[in-house]
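Q: Got a structure for you, questions after.
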Amino acid sequence: MRVFLVSTMYPRDAAGWRGVFIRNMVYALARTPSNELTVWAPPGELPEGVINASTPAEAQWLGKLVDLGGISHMMRSGGIRALLAPVKLLLLLAAAYRRHPDTDIYHINWLQSALPLPRDGKPALITVLGNDLRLLRLPFMRPLLRRMMHGRKVAICPNAEWMRDPLQHAFGDVAEICPVSFGIDPVWYAIDRTQVANHPKRWIVVARLTMDKLGPLFDWSYPLFKDGSRELHLFGPMEQDIDVPDWVHYHGPAAPAQLAKEWFPHACGLVTLSRHAEGRPQVMLEAMAAGLPIIASRMPAHATVVVDGETGLLCDSKETYSNALDMLEDGATNHRFGEAARRRVAKDLGTWDDCANRYWRIYTRLLGGRKDD
């Protein structure tokens, strides 16, 4: 089975933090029997036996795109780049698709990257994140995507169940909507949290720094953290001009290995008060696999991840946020929630190899093989 996988994000090396989930996906798919995998993506280490489809010029341009925050970030930022970068990307993709006419099936990460698919009738599996839905509001986006889907079998695979209904409404008559959960790297399951810090209590936030991603974090946290009895440690790239208060410990972007080794083992839990259009936030799942309870804003993306009162707590006010911190700083309660979170993720998501097998079954069905079990 010759699979042509496309992604506009990929980490340059082991210390890279952008697109780590794509690298995990690629390595898992490369381990799947009967796959001949070709990858078009920014520069980065690929598994042995995987074909790199990017030309040197394409790789250079894609690498710069990653350094600037990715295509979605550029489109949100406005200016001439917001107009020119998507056009350039679609032209490069069209050329890449034409260079590989022997492909059996396309695996496309980012819905809009499917726009220049050739009219060859070959099936496509298209993954969708939360931000892809926002881009569907752009003029002509839906009809252009629907036009691309006609005449081929298409499985649209959001990484969270809550996206099924809007995608079904937009494309259900021309594509199969099939949510597929990402997997978890085993390194997260192996984290030992028996030495959680007692004082000060450490809470972790991992997010791109935008107003929507942070939500009311600083406002709600200030009276609860200002005396130093708790510490709020914030990790992520500065994508908007955000004034980070001096009582917040801001570390900038962090590689997954750094979080796994230095921070997750000793934290009380992960906090996200995001208002952003999320899919199923991977960092929340990794934290749960590590045994961290989650405190999250009450929104559909978080409610599908956190079992309120079992694996974490959902908050919609300063009061519920304060109560959640107090509750999960009790050692026994923290351990109970954390272990429940780890068990749930292990059962529902498994590893990236499990995710690759989920994709492989869809490949087989789209190519006319056996049905899923």
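Residue numbers start at 1 in each chain; chains themselves are named A, B, ... in the order of the structure tokens; ligands are numbered from 1 in the order shown.
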List as a PyMOL selection string the protein and nucleic acid residues near Asp120 (chain A), meaning an atom at most 10 Å away when only C-alpha atoms are counted, but skip any in the same chain fewer than 3 places from it.
A: chain A and resi 101+117+123+151-152
Q: If you keep N, CA and C atoms, can you produce a file of those selected residues as a PDB file, in the first residue's frame?
A:
```
ATOM      1  N   PRO A 101       2.537  10.102  -9.079  1.00  0.00           N
ATOM      2  CA  PRO A 101       1.317   9.516  -9.648  1.00  0.00           C
ATOM      3  C   PRO A 101       1.096   8.064  -9.252  1.00  0.00           C
ATOM      4  N   LEU A 117      -5.407  18.518  -4.628  1.00  0.00           N
ATOM      5  CA  LEU A 117      -5.296  17.115  -5.031  1.00  0.00           C
ATOM      6  C   LEU A 117      -5.636  16.945  -6.508  1.00  0.00           C
ATOM      7  N   PRO A 123      -8.287   7.609  -3.318  1.00  0.00           N
ATOM      8  CA  PRO A 123      -8.891   7.947  -2.033  1.00  0.00           C
ATOM      9  C   PRO A 123      -7.969   8.793  -1.169  1.00  0.00           C
ATOM     10  N   GLY A 151     -15.888  12.327  -6.761  1.00  0.00           N
ATOM     11  CA  GLY A 151     -15.191  11.400  -7.630  1.00  0.00           C
ATOM     12  C   GLY A 151     -14.111  10.582  -6.947  1.00  0.00           C
ATOM     13  N   ARG A 152     -13.978  10.689  -5.617  1.00  0.00           N
ATOM     14  CA  ARG A 152     -13.008   9.877  -4.889  1.00  0.00           C
ATOM     15  C   ARG A 152     -13.609   9.514  -3.534  1.00  0.00           C
TER      16      ARG A 152
END
```
Q: Extract, using only C-alpha atoms, all DNA, RNA and protein residues at most 10 Å from region 235-238 of chain A, discarding same-chain residues fewer than 2 positions from it, and format them as a ChimeraX atom specification.
A: /A:17-18,69,204-210,232-233,240-244,249-255,259
Q: For the atom pair CA of Leu46 (chain A) and CA of Arg23 (chain A), what is the interatomic distance in Å to one decimal place?
A: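 Atom-to-atom, CA of Leu46 (chain A) and CA of Arg23 (chain A) are spaced 7.9 Å apart.
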Q: Run DSSP on the backbone and grab whatever in region 193-315 of chain A lands in strand (DSSP E or B); send it over as a PDB file with C-alpha atoms, in the first residue's frame.
A:
```pdb
ATOM      1  CA  LYS A 201       2.563  23.639  44.832  1.00  0.00           C
ATOM      2  CA  ARG A 202       3.504  23.658  41.154  1.00  0.00           C
ATOM      3  CA  TRP A 203       0.915  23.901  38.379  1.00  0.00           C
ATOM      4  CA  ILE A 204       1.778  23.622  34.684  1.00  0.00           C
ATOM      5  CA  VAL A 205       0.326  25.454  31.670  1.00  0.00           C
ATOM      6  CA  VAL A 206       1.486  24.463  28.169  1.00  0.00           C
ATOM      7  CA  LEU A 209       0.577  32.480  24.102  1.00  0.00           C
ATOM      8  CA  ARG A 230       1.692  28.053  44.663  1.00  0.00           C
ATOM      9  CA  GLU A 231       3.719  28.392  41.462  1.00  0.00           C
ATOM     10  CA  LEU A 232       2.278  28.734  37.970  1.00  0.00           C
ATOM     11  CA  HIS A 233       4.772  27.555  35.334  1.00  0.00           C
ATOM     12  CA  LEU A 234       3.910  28.590  31.781  1.00  0.00           C
ATOM     13  CA  PHE A 235       5.437  26.986  28.683  1.00  0.00           C
ATOM     14  CA  MET A 238       4.801  33.965  22.348  1.00  0.00           C
ATOM     15  CA  HIS A 249       7.165  31.574  35.818  1.00  0.00           C
ATOM     16  CA  TYR A 250       7.363  31.852  32.026  1.00  0.00           C
ATOM     17  CA  GLY A 269      -1.512  19.018  37.485  1.00  0.00           C
ATOM     18  CA  LEU A 270      -2.063  20.717  34.147  1.00  0.00           C
ATOM     19  CA  VAL A 271      -4.188  23.855  33.775  1.00  0.00           C
ATOM     20  CA  THR A 272      -5.835  25.090  30.573  1.00  0.00           C
ATOM     21  CA  ILE A 294      -6.438  18.346  34.599  1.00  0.00           C
ATOM     22  CA  ILE A 295      -8.098  21.664  35.456  1.00  0.00           C
ATOM     23  CA  ALA A 296      -9.779  22.978  32.306  1.00  0.00           C
ATOM     24  CA  SER A 297     -12.262  25.567  31.147  1.00  0.00           C
ATOM     25  CA  ASP A 308     -15.342  15.996  35.420  1.00  0.00           C
ATOM     26  CA  GLY A 312      -9.942  16.365  36.363  1.00  0.00           C
ATOM     27  CA  LEU A 313     -12.225  19.318  37.010  1.00  0.00           C
ATOM     28  CA  LEU A 314     -13.978  21.680  34.593  1.00  0.00           C
ATOM     29  CA  CYS A 315     -14.266  25.338  35.592  1.00  0.00           C
TER      30      CYS A 315
END
```
Q: Check the DSSP output for the backbone and give back, as a VMD selection string, the residues of region 122-369 of chain A in helix (DSSP H, G or I).
A: chain A and resid 130 to 135 141 to 149 161 to 171 186 to 189 211 to 214 217 to 225 256 to 266 282 to 289 300 to 303 318 to 328 331 to 348 352 to 366
Q: Could you write out the selected residues, including C-alpha atoms, as a CSV table (one decimal), in the first residue's frame?
A:
```csv
chain,number,residue,atom,x,y,z
A,130,GLY,CA,-10.1,22.4,15.7
A,131,ASN,CA,-8.5,25.3,13.8
A,132,ASP,CA,-9.5,23.7,10.5
A,133,LEU,CA,-13.1,24.3,11.3
A,134,ARG,CA,-12.5,28.0,11.8
A,135,LEU,CA,-10.9,28.2,8.3
A,141,MET,CA,-13.6,27.2,1.2
A,142,ARG,CA,-16.5,24.7,1.6
A,143,PRO,CA,-17.4,24.5,-2.1
A,144,LEU,CA,-13.8,24.2,-3.2
A,145,LEU,CA,-13.2,21.3,-0.7
A,146,ARG,CA,-16.5,19.6,-1.8
A,147,ARG,CA,-15.4,19.9,-5.4
A,148,MET,CA,-12.1,18.2,-4.5
A,149,MET,CA,-14.0,15.3,-2.8
A,161,GLU,CA,-15.7,13.3,18.5
A,162,TRP,CA,-17.2,16.8,19.0
A,163,MET,CA,-16.2,17.8,15.5
A,164,ARG,CA,-18.2,15.1,13.9
A,165,ASP,CA,-21.5,17.1,13.6
A,166,PRO,CA,-20.2,20.2,11.9
A,167,LEU,CA,-18.1,18.2,9.5
A,168,GLN,CA,-21.1,15.9,8.8
A,169,HIS,CA,-23.2,19.0,8.1
A,170,ALA,CA,-20.5,20.4,5.7
A,171,PHE,CA,-19.3,17.2,3.9
A,186,PRO,CA,5.0,5.5,25.8
A,187,VAL,CA,7.4,8.0,27.5
A,188,TRP,CA,4.4,9.7,29.1
A,189,TYR,CA,2.9,6.5,30.5
A,211,MET,CA,-5.4,35.8,24.2
A,212,ASP,CA,-7.8,32.9,23.3
A,213,LYS,CA,-5.4,30.2,24.4
A,214,LEU,CA,-4.7,31.7,27.8
A,217,LEU,CA,-5.7,32.4,33.3
A,218,PHE,CA,-3.9,35.4,34.7
A,219,ASP,CA,-7.0,37.1,36.0
A,220,TRP,CA,-8.3,34.0,37.8
A,221,SER,CA,-4.9,32.9,39.0
A,222,TYR,CA,-3.5,36.2,40.4
A,223,PRO,CA,-5.2,36.1,43.9
A,224,LEU,CA,-4.5,32.3,44.2
A,225,PHE,CA,-0.8,32.4,43.3
A,256,PRO,CA,8.4,17.3,25.2
A,257,ALA,CA,11.4,15.5,26.6
A,258,GLN,CA,12.0,18.5,28.9
A,259,LEU,CA,8.4,18.5,30.2
A,260,ALA,CA,8.5,14.7,30.7
A,261,LYS,CA,11.8,14.7,32.6
A,262,GLU,CA,11.8,17.9,34.6
A,263,TRP,CA,8.3,19.2,35.1
A,264,PHE,CA,5.4,16.6,34.8
A,265,PRO,CA,6.8,14.3,37.5
A,266,HIS,CA,6.7,17.0,40.2
A,282,GLN,CA,-2.6,16.6,22.7
A,283,VAL,CA,-0.8,18.1,25.7
A,284,MET,CA,-3.8,17.4,27.9
A,285,LEU,CA,-3.8,13.7,26.8
A,286,GLU,CA,-0.1,13.4,27.4
A,287,ALA,CA,-0.4,15.0,30.8
A,288,MET,CA,-3.2,12.5,31.7
A,289,ALA,CA,-1.0,9.6,30.5
A,300,PRO,CA,-16.7,21.0,24.3
A,301,ALA,CA,-13.1,20.1,23.4
A,302,HIS,CA,-12.2,19.8,27.1
A,303,ALA,CA,-15.4,18.1,28.1
A,318,LYS,CA,-13.1,32.1,39.5
A,319,GLU,CA,-14.8,30.3,42.3
A,320,THR,CA,-14.8,26.9,40.6
A,321,TYR,CA,-11.2,27.4,39.6
A,322,SER,CA,-10.1,28.2,43.1
A,323,ASN,CA,-12.0,25.2,44.5
A,324,ALA,CA,-10.4,22.9,41.9
A,325,LEU,CA,-6.9,24.0,42.9
A,326,ASP,CA,-7.7,23.4,46.6
A,327,MET,CA,-9.3,20.0,45.9
A,328,LEU,CA,-6.5,18.6,43.7
A,331,GLY,CA,-2.3,14.3,48.0
A,332,ALA,CA,-4.7,11.4,48.1
A,333,THR,CA,-7.2,13.1,45.8
A,334,ASN,CA,-4.5,14.1,43.4
A,335,HIS,CA,-3.2,10.5,43.2
A,336,ARG,CA,-6.7,9.2,42.7
A,337,PHE,CA,-7.5,11.6,39.9
A,338,GLY,CA,-4.1,11.1,38.2
A,339,GLU,CA,-4.3,7.4,38.1
A,340,ALA,CA,-7.8,7.5,36.8
A,341,ALA,CA,-6.6,9.9,34.0
A,342,ARG,CA,-3.7,7.5,33.1
A,343,ARG,CA,-6.0,4.5,33.0
A,344,ARG,CA,-8.6,6.3,30.8
A,345,VAL,CA,-6.0,7.5,28.3
A,346,ALA,CA,-4.4,4.0,28.1
A,347,LYS,CA,-7.7,2.4,27.5
A,348,ASP,CA,-9.2,4.8,25.0
A,352,TRP,CA,0.8,5.8,18.4
A,353,ASP,CA,1.0,2.3,17.1
A,354,ASP,CA,-2.6,1.8,18.0
A,355,CYS,CA,-3.4,5.1,16.2
A,356,ALA,CA,-1.5,3.9,13.1
A,357,ASN,CA,-3.5,0.7,13.1
A,358,ARG,CA,-6.7,2.8,13.2
A,359,TYR,CA,-5.5,4.7,10.2
A,360,TRP,CA,-4.5,1.5,8.4
A,361,ARG,CA,-8.0,0.0,8.8
A,362,ILE,CA,-9.4,3.2,7.1
A,363,TYR,CA,-6.9,3.0,4.3
A,364,THR,CA,-7.9,-0.6,3.7
A,365,ARG,CA,-11.6,0.3,3.6
A,366,LEU,CA,-11.1,3.2,1.3
```
Q: Write out as an mmCIF file with all heavy atoms, in the first residue's frame the residues lying within 8 Å of Asn109 (chain A), counting only C-alpha atoms and excluding same-chain residues fewer than 5 positions away.
A:
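Dumped to selection-v9.cif:
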```
data_model
loop_
_atom_site.group_PDB
_atom_site.id
_atom_site.type_symbol
_atom_site.label_atom_id
_atom_site.label_comp_id
_atom_site.auth_asym_id
_atom_site.auth_seq_id
_atom_site.Cartn_x
_atom_site.Cartn_y
_atom_site.Cartn_z
ATOM 1 N N LEU A 5 1.877 10.884 2.490
ATOM 2 C CA LEU A 5 1.456 11.658 3.657
ATOM 3 C C LEU A 5 1.967 13.091 3.537
ATOM 4 O O LEU A 5 3.143 13.321 3.231
ATOM 5 C CB LEU A 5 1.977 11.014 4.940
ATOM 6 C CG LEU A 5 1.524 11.657 6.248
ATOM 7 C CD1 LEU A 5 1.295 10.596 7.331
ATOM 8 C CD2 LEU A 5 2.526 12.693 6.768
ATOM 9 N N VAL A 6 1.072 14.041 3.806
ATOM 10 C CA VAL A 6 1.381 15.466 3.697
ATOM 11 C C VAL A 6 1.172 16.143 5.041
ATOM 12 O O VAL A 6 0.161 15.908 5.715
ATOM 13 C CB VAL A 6 0.467 16.129 2.637
ATOM 14 C CG1 VAL A 6 0.497 17.641 2.757
ATOM 15 C CG2 VAL A 6 0.875 15.701 1.241
ATOM 16 N N SER A 7 2.131 16.970 5.432
ATOM 17 C CA SER A 7 1.978 17.782 6.640
ATOM 18 C C SER A 7 2.761 19.077 6.474
ATOM 19 O O SER A 7 3.857 19.077 5.896
ATOM 20 C CB SER A 7 2.478 17.042 7.884
ATOM 21 O OG SER A 7 2.415 17.895 9.027
ATOM 22 N N THR A 8 2.214 20.174 6.983
ATOM 23 C CA THR A 8 2.923 21.454 6.949
ATOM 24 C C THR A 8 3.698 21.709 8.239
ATOM 25 O O THR A 8 4.320 22.762 8.375
ATOM 26 C CB THR A 8 1.941 22.617 6.716
ATOM 27 O OG1 THR A 8 0.958 22.624 7.756
ATOM 28 C CG2 THR A 8 1.252 22.464 5.368
ATOM 29 N N ILE A 126 -8.167 12.451 5.468
ATOM 30 C CA ILE A 126 -7.820 13.832 5.809
ATOM 31 C C ILE A 126 -8.059 14.041 7.297
ATOM 32 O O ILE A 126 -9.186 13.900 7.778
ATOM 33 C CB ILE A 126 -8.670 14.833 5.002
ATOM 34 C CG1 ILE A 126 -8.580 14.528 3.506
ATOM 35 C CG2 ILE A 126 -8.205 16.259 5.289
ATOM 36 C CD1 ILE A 126 -9.535 15.360 2.658
ATOM 37 N N THR A 127 -6.992 14.341 8.035
ATOM 38 C CA THR A 127 -7.153 14.615 9.459
ATOM 39 C C THR A 127 -7.572 16.069 9.658
ATOM 40 O O THR A 127 -7.257 16.940 8.843
ATOM 41 C CB THR A 127 -5.863 14.336 10.247
ATOM 42 O OG1 THR A 127 -4.872 15.300 9.898
ATOM 43 C CG2 THR A 127 -5.334 12.941 9.954
ATOM 44 N N VAL A 128 -8.291 16.315 10.752
ATOM 45 C CA VAL A 128 -8.820 17.650 11.029
ATOM 46 C C VAL A 128 -8.570 17.998 12.482
ATOM 47 O O VAL A 128 -8.881 17.213 13.387
ATOM 48 C CB VAL A 128 -10.342 17.713 10.736
ATOM 49 C CG1 VAL A 128 -10.895 19.095 11.048
ATOM 50 C CG2 VAL A 128 -10.621 17.358 9.279
#
```
Q: As a PyMOL selection string, please: the residues near Asp192 (chain A) (cut-off 8 Å, only C-alpha atoms, same-chain neighbours under 2 positions excluded).
A: chain A and resi 190+194-195+265+290
Q: Dump C-alpha atoms for the selected residues as a tab-separated table (two decimals), in the first residue's frame?
A:
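Result file selection-v7.tsv:
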```tsv
chain	number	residue	atom	x	y	z
A	190	ALA	CA	6.31	5.76	32.13
A	194	THR	CA	5.52	9.64	43.49
A	195	GLN	CA	7.67	12.70	44.28
A	265	PRO	CA	6.82	14.31	37.51
A	290	ALA	CA	1.64	10.90	32.85
```
Q: Which residues are close to Glu176 (chain A), i.e. within 7 Å by only C-alpha atoms, leaving aside same-chain residues fewer than 6 positions away? Reply as a PDB file with N, CA and C atoms, in the first residue's frame.
A:
```
ATOM      1  N   VAL A 154     -13.391   9.523   0.340  1.00  0.00           N
ATOM      2  CA  VAL A 154     -12.725  10.392   1.304  1.00  0.00           C
ATOM      3  C   VAL A 154     -13.193  10.044   2.710  1.00  0.00           C
ATOM      4  N   ALA A 155     -12.236   9.907   3.620  1.00  0.00           N
ATOM      5  CA  ALA A 155     -12.541   9.790   5.049  1.00  0.00           C
ATOM      6  C   ALA A 155     -11.967  11.023   5.728  1.00  0.00           C
ATOM      7  N   ILE A 156     -12.840  11.833   6.321  1.00  0.00           N
ATOM      8  CA  ILE A 156     -12.407  12.996   7.085  1.00  0.00           C
ATOM      9  C   ILE A 156     -12.321  12.565   8.544  1.00  0.00           C
TER      10      ILE A 156
END
```
Q: Quick one: residues within 6 Å of region 11-14 of chain A, only C-alpha atoms counted, chain neighbours fewer than 4 positions away excluded, as a list in words?
A: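 Once the nearby chain positions are removed, what remains is Arg18, Gly19, Val20, Pro43 and Gly44 of chain A.
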Q: Provide the CA of Ser54 (chain A) to CA of Leu29 (chain A) distance in Å, to one decimal place.
A: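 Spanning CA of Ser54 (chain A) to CA of Leu29 (chain A) is a straight-line distance of 18.3 Å.
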Q: How many Å separate CA of Phe182 (chain A) from CA of Thr304 (chain A)?
A: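 Rounded to one decimal, the two atoms are 13.8 Å apart.
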